[in-house]
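For reference, the structure discussed in these notes is given below.
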Protein chains: 4
Amino acid sequence: MLTFCQFGAGRIGLIHAANIAAHPGAELRYVVDVNQPAAEALAAKYGAKVTTADAALADPAIKAVLIASSTDTHADLIERAAKAGKAILCEKPVDLSLARVDACLEVAAKAGVPLLIGFNRRFDPSFGTLRQELVGGAIGKLELLTITSRDPGPPPMAYIKVSGGLFRDMMIHDFDLARWLLGEEPIEVYATASCLVDPAIGQAGDIDTAAVVLRTRSGAIAQISNSRRAVYGYDQRIEAFGSGGMLRAENRTPTTVERATAAAVSRDKPLHFFLERYAEAYRAELDHFVTAVTKGEKLSVGGADGRAALALAEAALESSKSGKPVKPA
Amino acid sequence: MLTFCQFGAGRIGLIHAANIAAHPGAELRYVVDVNQPAAEALAAKYGAKVTTADAALADPAIKAVLIASSTDTHADLIERAAKAGKAILCEKPVDLSLARVDACLEVAAKAGVPLLIGFNRRFDPSFGTLRQELVGGAIGKLELLTITSRDPGPPPMAYIKVSGGLFRDMMIHDFDLARWLLGEEPIEVYATASCLVDPAIGQAGDIDTAAVVLRTRSGAIAQISNSRRAVYGYDQRIEAFGSGGMLRAENRTPTTVERATAAAVSRDKPLHFFLERYAEAYRAELDHFVTAVTKGEKLSVGGADGRAALALAEAALESSKSGKPVKPA
Amino acid sequence: MLTFCQFGAGRIGLIHAANIAAHPGAELRYVVDVNQPAAEALAAKYGAKVTTADAALADPAIKAVLIASSTDTHADLIERAAKAGKAILCEKPVDLSLARVDACLEVAAKAGVPLLIGFNRRFDPSFGTLRQELVGGAIGKLELLTITSRDPGPPPMAYIKVSGGLFRDMMIHDFDLARWLLGEEPIEVYATASCLVDPAIGQAGDIDTAAVVLRTRSGAIAQISNSRRAVYGYDQRIEAFGSGGMLRAENRTPTTVERATAAAVSRDKPLHFFLERYAEAYRAELDHFVTAVTKGEKLSVGGADGRAALALAEAALESSKSGKPVKPA
Amino acid sequence: MLTFCQFGAGRIGLIHAANIAAHPGAELRYVVDVNQPAAEALAAKYGAKVTTADAALADPAIKAVLIASSTDTHADLIERAAKAGKAILCEKPVDLSLARVDACLEVAAKAGVPLLIGFNRRFDPSFGTLRQELVGGAIGKLELLTITSRDPGPPPMAYIKVSGGLFRDMMIHDFDLARWLLGEEPIEVYATASCLVDPAIGQAGDIDTAAVVLRTRSGAIAQISNSRRAVYGYDQRIEAFGSGGMLRAENRTPTTVERATAAAVSRDKPLHFFLERYAEAYRAELDHFVTAVTKGEKLSVGGADGRAALALAEAALESSKSGKPVKPA
């Protein structure tokens, strides 16, 4: 039984806490959040207790921490948990600064604790199957990868302002998927971006629509596009084209119902947003963490992956500003 | 070059005349229709001449006739054309009376002329491919066949009254498809029918909605359902299930465009009606006729097929009235 | 908190026990099964105790029973649980004999306890959405209903022999769906059936392939077809056609991955069998039971529904033997 | 009746000649080709005569020319036909040199003759419907356009060497589609390209795999990707994403047959190559030309469009070499 302290009782924290509670090999013992009522409510729901970070990390019964608090707390909590010898599952990103990420990962590496970065999409059944078949040679050598990612609507402006911008906050998931699928590191990043969804986003110094081209040493090419607003819902698709064919993972829908009327033949819109679309992925991610930590096995996505995705995001940001391709750091 | 006289200048006649005119191995020389202006217009469009049945059949240059006139003229024209030694392509049905069909086919058989009955659906590329794969063993032995056929809307009441009723006029196509796909003759027919679309159809002694179950000696089962009105367009589908899998032929659409909006994800409705859906089939049917007659090869669907489909229609009609399964004559 | 005793620790029992354990408003206290090791294993997994039916029903802490034991025990357990005042969730069917069902339901009715019959498919999200839209008028008046249900493979012969036959064991689900969707009772049943999958099934007096036509007073028609073996997996589809259009619920698949190779463009096969396909439905069914019983609300599918579906199965069986349509009892 | 002389009796010439012959408002009078046997065969098939360019252009009965000869003859033939006062339908591209295109178009403009450049994809029913709905506001303002174009296999090396390279030979179609759909001119072009399909293509100085990003003044972004080899067939898709939703045009297939077996659920591969996929488009293109020229109406895609697409191709080529975004000339 892996006993958890969870940091963060917000929207994504609700998901993680429910998954810990439902997992036969995990137990949620503590909840920590600066928002005391949220922490109380979440703890009560799953028979856990509210405590402080210091107390939780000092408790030897706690074997693992799940960090789902705000981004600016991630690196500190990783370092403190690592020093306390806890296994760590941390929501992406480690930090918005590459230097801070490097320092933090060094601390974690020294401590030698297991660290899983929450790139949840790797655990989606459709994306996972696509990659498994790709790695298995189903389409030969990968040549062109196309990743489409669109949110149903932009987050609140308050969030946009502290998010680190579209590349570091949103497209970072796609950079991780691209690295995971390409099987080699991008050596060049070209990005172009616009503010088309909401002028307020532009006034906050961010963009809401972007296209990025990655290129690897072997000549494979990845196209990524993002929009902060798709009126038909959460649009999450991957297309991998190679010497032996193509694999596509399409959107998932609530039902398989088709309606034919005098007006049209229609089907469901995609599942609304990440809580719905990636519900299975979050469960599988937690299960991977609990199983691997319990058995002492290697985690599949670690700090170096978090660092590499951020480096691509920074390169994209720089490219979108300079108008020139950039080599990732 | 196969030189044709075409009987009938109505809706279906327009299709056939255009196909004859466009076929490199065929020529439309005469058009015959009691509606003189229609005959004149059609003949003018394709450089043909209007004439009488007697004159056309007496002209030794005419090698083939295409009979697309009203149903009550089919059997007579077949007999006259057969006696004149012409190759015959006749729209279904040969006649609404089984006795008349038998007599007519005897005349044609004695004359030894080629006779193709216009079961156009056999020439549809999707249905043809489905059958080819079925015959090729793609799904093993056929066990359950489901045929769905729905018109976009009922024909005029004037037509309904002389049509011979839904089973002989509309479902006859599905009986032919069933025979063609089952590869053995149905030995029992059960039919149930309702008047749900328009009470006037019921007042005319006909029905507009029906389901039929056919059974063969080997135990294979076919389900056929018809409706005179599908608000979303012409619904023409086949599903063949067997020991090794399932083959489905779905509807065809004008385009492949998919629309995702805040309301729904929608695609095109099916092609509107038989002129659109079976345009390719009519071309392929004519090409088969011209090629086979020119080369002296056997035609793929003959008088006996027309007779057998009508016998199933009559059995279905009797079953729907008696409420009991009927053995086809 | 609704405290359960569960009867039956077999395959379907595993599903139900897991769902009770995971439900925040339910608790699994006892497991009863003649197979003691199975009962012990299941009880251990969820912190429950193994006991006897007598002891469980005598315990006032037990508020609900879930009956997932073999079919021949259902009616007895319903009666005993009803007399003990427990709320009852019983797997279909109540019994294979209509007379026994009637007697049993009378006992349950006298006791006035809540009784839910486990027609799990009503709780499938796709089927549920289809019905909701149908009832909401999306396709006007229902005229033709087509239900397709095929198992991936036949059950063991030992099960076949005590199953009550395809109509009572397998198609009973489809009869329930048909009643639920038609919104009126079938007044006539025609069935035809074959043994095509395995001669041993025929030697045991059963059939493995069947088609049924139901007819209601208003003239609506339902077509149901079953096969005990679909090599591509569990095939579970509904098509509802009406005056205003058509609704279809297609199969569900593990992933949305599409593969395009030199050979073909392919997608996933359907989810393998009922444990996978109806996983969500079983959870929703239990949630409905727990919520309704806890709040004192009416259950959505009761003993009368179990009785009516069995009456249609018996009529179908009789029709398949006599070759004539039958009015359900 | 528009009387044509056709230049070119090769593969694409066969298509055009057949379409002219089948069009009720057009007549094929002359065929000109340096390959005399090919010219003879084509002329014989449609009752035309073989002649020389001089003779054809001197014949006042010739009202229109269709230029389907090799690319290096296009500009000369356009100029000569224009000076002779003929209406011109010319296959893309006008020429591989932008300077030559400019000179040629000036001659044509001075002559004032109708000139249609054969961007056949604009006449594809699916692409045409997509654009019509886009222009009609179905998805609001266009923000992200994704065009995928992949050939089933590379052309012969002899062709590659004179083709002008992938951007000018193949992607030029996609540049035209992008301009047509964006509704504004791209102001920046970024291209990255690889030789992944066949090293011989690289040795000939060309590439076979490429991704391009276009950007317009309003901030709309287009992604185009090309490959010279898709083992599953001709892959031609458009995805237009905007403020009000998304439109996608998927590939077209020979049939609608779906096969479900123990191995997979599969459908047809896309139509094999441009002759099949764009058969309808070629017919519609010719019909537009014949109709517009006959009625004196404006042609929908002219010399300026041919010039603009080539300018984008040249910018892409330059970008792929320099590694920097380029403004089109």
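Please note that chains go A, B, ... in the order of the structure tokens, that every chain numbers its residues from 1, and that ligands are numbered from 1 in the order shown.
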
Can you list, as a PDB file with N, CA, C and O atoms, in the first residue's frame, every protein, DNA or RNA residue that comes within 6 Å of D:Tyr30 when you count only C-alpha atoms, leaving out same-chain residues fewer than 4 positions away?
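The new file part.pdb reads:
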```pdb
ATOM      1  N   CYS D   5      -8.592  22.284 -80.188  1.00  0.00           N
ATOM      2  CA  CYS D   5      -7.373  21.576 -80.533  1.00  0.00           C
ATOM      3  C   CYS D   5      -6.686  21.239 -79.218  1.00  0.00           C
ATOM      4  O   CYS D   5      -6.537  22.106 -78.346  1.00  0.00           O
ATOM      5  N   ALA D  48     -11.098  12.715 -84.149  1.00  0.00           N
ATOM      6  CA  ALA D  48     -10.389  13.970 -84.415  1.00  0.00           C
ATOM      7  C   ALA D  48      -9.280  13.728 -85.436  1.00  0.00           C
ATOM      8  O   ALA D  48      -9.074  12.604 -85.880  1.00  0.00           O
ATOM      9  N   LYS D  49      -8.574  14.799 -85.800  1.00  0.00           N
ATOM     10  CA  LYS D  49      -7.478  14.666 -86.757  1.00  0.00           C
ATOM     11  C   LYS D  49      -6.168  15.095 -86.115  1.00  0.00           C
ATOM     12  O   LYS D  49      -6.141  15.997 -85.276  1.00  0.00           O
ATOM     13  N   VAL D  50      -5.096  14.489 -86.590  1.00  0.00           N
ATOM     14  CA  VAL D  50      -3.774  14.906 -86.136  1.00  0.00           C
ATOM     15  C   VAL D  50      -3.308  16.042 -87.032  1.00  0.00           C
ATOM     16  O   VAL D  50      -3.490  15.988 -88.246  1.00  0.00           O
TER      17      VAL D  50
END
```

Practice task
Tell me, as a PyMOL selection string, which residues lie within 12 Å of B:Asp176, counting only C-alpha atoms; anything in the same chain fewer than 3 positions away does not count.
Solution key: chain B and resi 92-93+117-122+147+167-168+170-173+179-186+222+224+301-313

Store the residues picked out above in a file with C-alpha atoms, as a short mmCIF file (atom, residue, chain, number, x, y, z; two decimals), in the first residue's frame.
```cif
data_model
loop_
_atom_site.label_atom_id
_atom_site.label_comp_id
_atom_site.auth_asym_id
_atom_site.auth_seq_id
_atom_site.Cartn_x
_atom_site.Cartn_y
_atom_site.Cartn_z
CA LYS B 92 -37.77 -4.44 -63.90
CA PRO B 93 -40.37 -5.91 -63.56
CA ILE B 117 -33.49 -7.51 -66.58
CA GLY B 118 -32.59 -4.12 -65.14
CA PHE B 119 -31.77 -5.00 -61.55
CA ASN B 120 -29.46 -2.01 -61.43
CA ARG B 121 -28.29 -2.51 -57.84
CA ARG B 122 -26.27 -5.56 -58.80
CA ILE B 147 -30.95 -5.43 -46.43
CA PHE B 167 -43.48 -5.71 -52.50
CA ARG B 168 -43.66 -5.97 -56.30
CA MET B 170 -39.96 -1.55 -54.44
CA MET B 171 -38.89 -4.57 -52.43
CA ILE B 172 -38.49 -6.59 -55.63
CA HIS B 173 -35.00 -5.04 -55.87
CA ARG B 179 -31.15 -14.15 -54.01
CA TRP B 180 -27.94 -12.86 -55.57
CA LEU B 181 -26.14 -12.75 -52.22
CA LEU B 182 -27.60 -15.84 -50.54
CA GLY B 183 -26.50 -18.06 -53.39
CA GLU B 184 -29.50 -20.32 -52.82
CA GLU B 185 -33.23 -19.92 -53.10
CA PRO B 186 -35.39 -18.83 -50.17
CA ALA B 222 -32.30 -12.75 -44.61
CA ILE B 224 -35.31 -7.06 -45.47
CA VAL B 301 -29.10 -11.40 -64.77
CA GLY B 302 -31.86 -12.80 -66.93
CA GLY B 303 -35.55 -13.51 -67.17
CA ALA B 304 -35.45 -16.27 -64.60
CA ASP B 305 -34.07 -13.80 -62.08
CA GLY B 306 -36.89 -11.40 -62.83
CA ARG B 307 -39.36 -14.22 -62.37
CA ALA B 308 -37.86 -15.43 -59.09
CA ALA B 309 -37.82 -11.98 -57.51
CA LEU B 310 -41.46 -11.49 -58.45
CA ALA B 311 -42.35 -14.87 -56.93
CA LEU B 312 -40.79 -13.73 -53.64
CA ALA B 313 -42.73 -10.47 -53.83
#
```

Tell me, counting only C-alpha atoms, for each residue of chain D within 9 Å of chain C, which pair of atoms is nearest and how far apart they are in Å to one decimal, in rows ordered by chain and increasing number, as CSV.
```
residue,atom,partner,partner_atom,distance
D:Ala230,CA,C:Ala262,CA,8.4
D:Val231,CA,C:Ala262,CA,5.0
D:Tyr232,CA,C:Ala262,CA,4.5
D:Gly233,CA,C:Ala262,CA,7.6
D:Arg259,CA,C:Ser266,CA,8.9
D:Ala260,CA,C:Tyr232,CA,5.9
D:Thr261,CA,C:Tyr232,CA,4.9
D:Ala262,CA,C:Tyr232,CA,4.5
D:Ala263,CA,C:Tyr232,CA,7.2
D:Ala264,CA,C:Lys269,CA,5.6
D:Val265,CA,C:Arg267,CA,5.3
D:Ser266,CA,C:Ser266,CA,3.9
D:Arg267,CA,C:Val265,CA,5.3
D:Asp268,CA,C:Val265,CA,6.2
D:Lys269,CA,C:Ala264,CA,5.6
D:Pro270,CA,C:Val265,CA,8.7
```

DSSP on the backbone, then: every residue of stretch 190-227 of chain B marked alpha helix (DSSP H), written as a compact mmCIF listing (two decimals) with N, CA and C atoms, in the first residue's frame.
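The resulting file, selection.txt, is reproduced below:
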```
# COMPACT_ATOMS: atom_id res chain seq x y z
N PRO B 199 -51.75 7.84 -44.93
CA PRO B 199 -53.00 7.05 -44.93
C PRO B 199 -53.55 6.84 -46.34
N ALA B 200 -53.28 7.76 -47.24
CA ALA B 200 -53.79 7.62 -48.62
C ALA B 200 -53.23 6.36 -49.27
N ILE B 201 -52.03 6.00 -48.90
CA ILE B 201 -51.44 4.76 -49.45
C ILE B 201 -52.24 3.56 -48.97
N GLY B 202 -52.63 3.59 -47.72
CA GLY B 202 -53.46 2.51 -47.19
C GLY B 202 -54.82 2.47 -47.86
N GLN B 203 -55.37 3.64 -48.09
CA GLN B 203 -56.69 3.69 -48.74
C GLN B 203 -56.62 3.13 -50.16
```

Completion exercise
atom CA of D:Pro24 sits from atom CA of B:Ala44 at a separation of 12.3 Å

Exercise for the section: Compile the contact shell of stretch 271-287 of chain A as a ChimeraX atom specification: residues with an atom at most 9 Å away, counting only C-alpha atoms, same-chain residues fewer than 5 positions apart removed. Expected result: /A:11-12,15-16,19-20,23,25-26,89,118-125,151-152,232-236,251-254,292

Exercise for the section: Would you kindly return, as a ChimeraX atom specification, each protein, DNA or RNA residue with an atom no farther than 12 Å from any atom of C:Glu318, considering only C-alpha atoms and excluding same-chain residues fewer than 2 positions away? Expected result: /C:165,167-168,188-193,212,311-316,320-329

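DSSP on the backbone gives strand (DSSP E) for these parts of stretch 48-176 of chain D: Lys49, Val50, Ala64, Val65, Leu66, Ile67, Ala87, Ile88, Leu89, Cys90, Glu91, Leu115, Leu116, Ile117, Gly118, Leu142, Glu143, Leu144, Leu145, Thr146, Ile147, Thr148, Ser149 and Arg150 of chain D.
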
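Straight-line separation from atom CA of A:Ala41 to atom CA of C:Thr294: 22.7 Å.
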
Please list as a PDB file with N, CA, C and O atoms, in the first residue's frame every residue within 8 Å of A:Leu247, counting only C-alpha atoms and excluding residues in the same chain fewer than 2 positions away.
```pdb
ATOM      1  N   LEU A 130      -1.299   3.840 -30.444  1.00  0.00           N
ATOM      2  CA  LEU A 130      -0.627   4.387 -31.638  1.00  0.00           C
ATOM      3  C   LEU A 130       0.882   4.263 -31.483  1.00  0.00           C
ATOM      4  O   LEU A 130       1.576   3.798 -32.390  1.00  0.00           O
ATOM      5  N   LEU A 134       3.522   2.053 -33.626  1.00  0.00           N
ATOM      6  CA  LEU A 134       4.599   2.779 -34.298  1.00  0.00           C
ATOM      7  C   LEU A 134       5.948   2.157 -33.946  1.00  0.00           C
ATOM      8  O   LEU A 134       6.755   1.838 -34.832  1.00  0.00           O
ATOM      9  N   ILE A 139       4.215   1.132 -39.272  1.00  0.00           N
ATOM     10  CA  ILE A 139       4.263   2.047 -40.430  1.00  0.00           C
ATOM     11  C   ILE A 139       5.705   2.343 -40.827  1.00  0.00           C
ATOM     12  O   ILE A 139       5.999   3.382 -41.422  1.00  0.00           O
ATOM     13  N   GLU A 239      -1.431  12.237 -35.897  1.00  0.00           N
ATOM     14  CA  GLU A 239      -1.297  11.517 -37.164  1.00  0.00           C
ATOM     15  C   GLU A 239       0.177  11.248 -37.403  1.00  0.00           C
ATOM     16  O   GLU A 239       0.977  12.170 -37.476  1.00  0.00           O
ATOM     17  N   ALA A 240       0.528   9.978 -37.523  1.00  0.00           N
ATOM     18  CA  ALA A 240       1.926   9.595 -37.745  1.00  0.00           C
ATOM     19  C   ALA A 240       2.020   8.931 -39.107  1.00  0.00           C
ATOM     20  O   ALA A 240       1.355   7.929 -39.367  1.00  0.00           O
ATOM     21  N   PHE A 241       2.848   9.517 -39.961  1.00  0.00           N
ATOM     22  CA  PHE A 241       2.998   9.008 -41.319  1.00  0.00           C
ATOM     23  C   PHE A 241       4.419   8.485 -41.505  1.00  0.00           C
ATOM     24  O   PHE A 241       5.385   9.147 -41.123  1.00  0.00           O
ATOM     25  N   GLY A 245       3.099   3.417 -43.999  1.00  0.00           N
ATOM     26  CA  GLY A 245       1.690   3.738 -43.820  1.00  0.00           C
ATOM     27  C   GLY A 245       1.445   4.882 -42.862  1.00  0.00           C
ATOM     28  O   GLY A 245       2.327   5.708 -42.607  1.00  0.00           O
ATOM     29  N   ALA A 249      -4.821   8.766 -34.480  1.00  0.00           N
ATOM     30  CA  ALA A 249      -5.679   8.646 -33.296  1.00  0.00           C
ATOM     31  C   ALA A 249      -6.645   9.819 -33.341  1.00  0.00           C
ATOM     32  O   ALA A 249      -6.235  10.975 -33.285  1.00  0.00           O
TER      33      ALA A 249
ATOM     34  N   VAL C 257      -7.784   4.510 -32.835  1.00  0.00           N
ATOM     35  CA  VAL C 257      -6.666   4.448 -33.787  1.00  0.00           C
ATOM     36  C   VAL C 257      -7.112   3.881 -35.141  1.00  0.00           C
ATOM     37  O   VAL C 257      -7.812   2.880 -35.208  1.00  0.00           O
ATOM     38  N   GLU C 258      -6.694   4.567 -36.196  1.00  0.00           N
ATOM     39  CA  GLU C 258      -6.915   4.096 -37.568  1.00  0.00           C
ATOM     40  C   GLU C 258      -5.564   3.806 -38.195  1.00  0.00           C
ATOM     41  O   GLU C 258      -4.627   4.583 -38.031  1.00  0.00           O
ATOM     42  N   ARG C 259      -5.475   2.676 -38.884  1.00  0.00           N
ATOM     43  CA  ARG C 259      -4.223   2.286 -39.515  1.00  0.00           C
ATOM     44  C   ARG C 259      -4.412   2.230 -41.026  1.00  0.00           C
ATOM     45  O   ARG C 259      -5.278   1.499 -41.502  1.00  0.00           O
ATOM     46  N   ALA C 260      -3.580   2.944 -41.761  1.00  0.00           N
ATOM     47  CA  ALA C 260      -3.626   2.889 -43.227  1.00  0.00           C
ATOM     48  C   ALA C 260      -2.316   2.281 -43.711  1.00  0.00           C
ATOM     49  O   ALA C 260      -1.249   2.836 -43.475  1.00  0.00           O
TER      50      ALA C 260
END
```

Handout entry: 10 Å contact set for D:Val65, only C-alpha atoms, chain neighbours under 2 positions out, as a ChimeraX atom specification
Key = /D:2-7,28,30-31,56-57,62-63,67-68,77-78,81-82,86-90,115

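Distance check against A:Leu196 using only C-alpha atoms: of A:Ser69, A:Asn226, A:Ser218, A:Ser149, the minimum falls on A:Asn226.
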
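Put simply, atom CA of C:Leu116 is 27.6 Å away from atom CA of C:Ile221.
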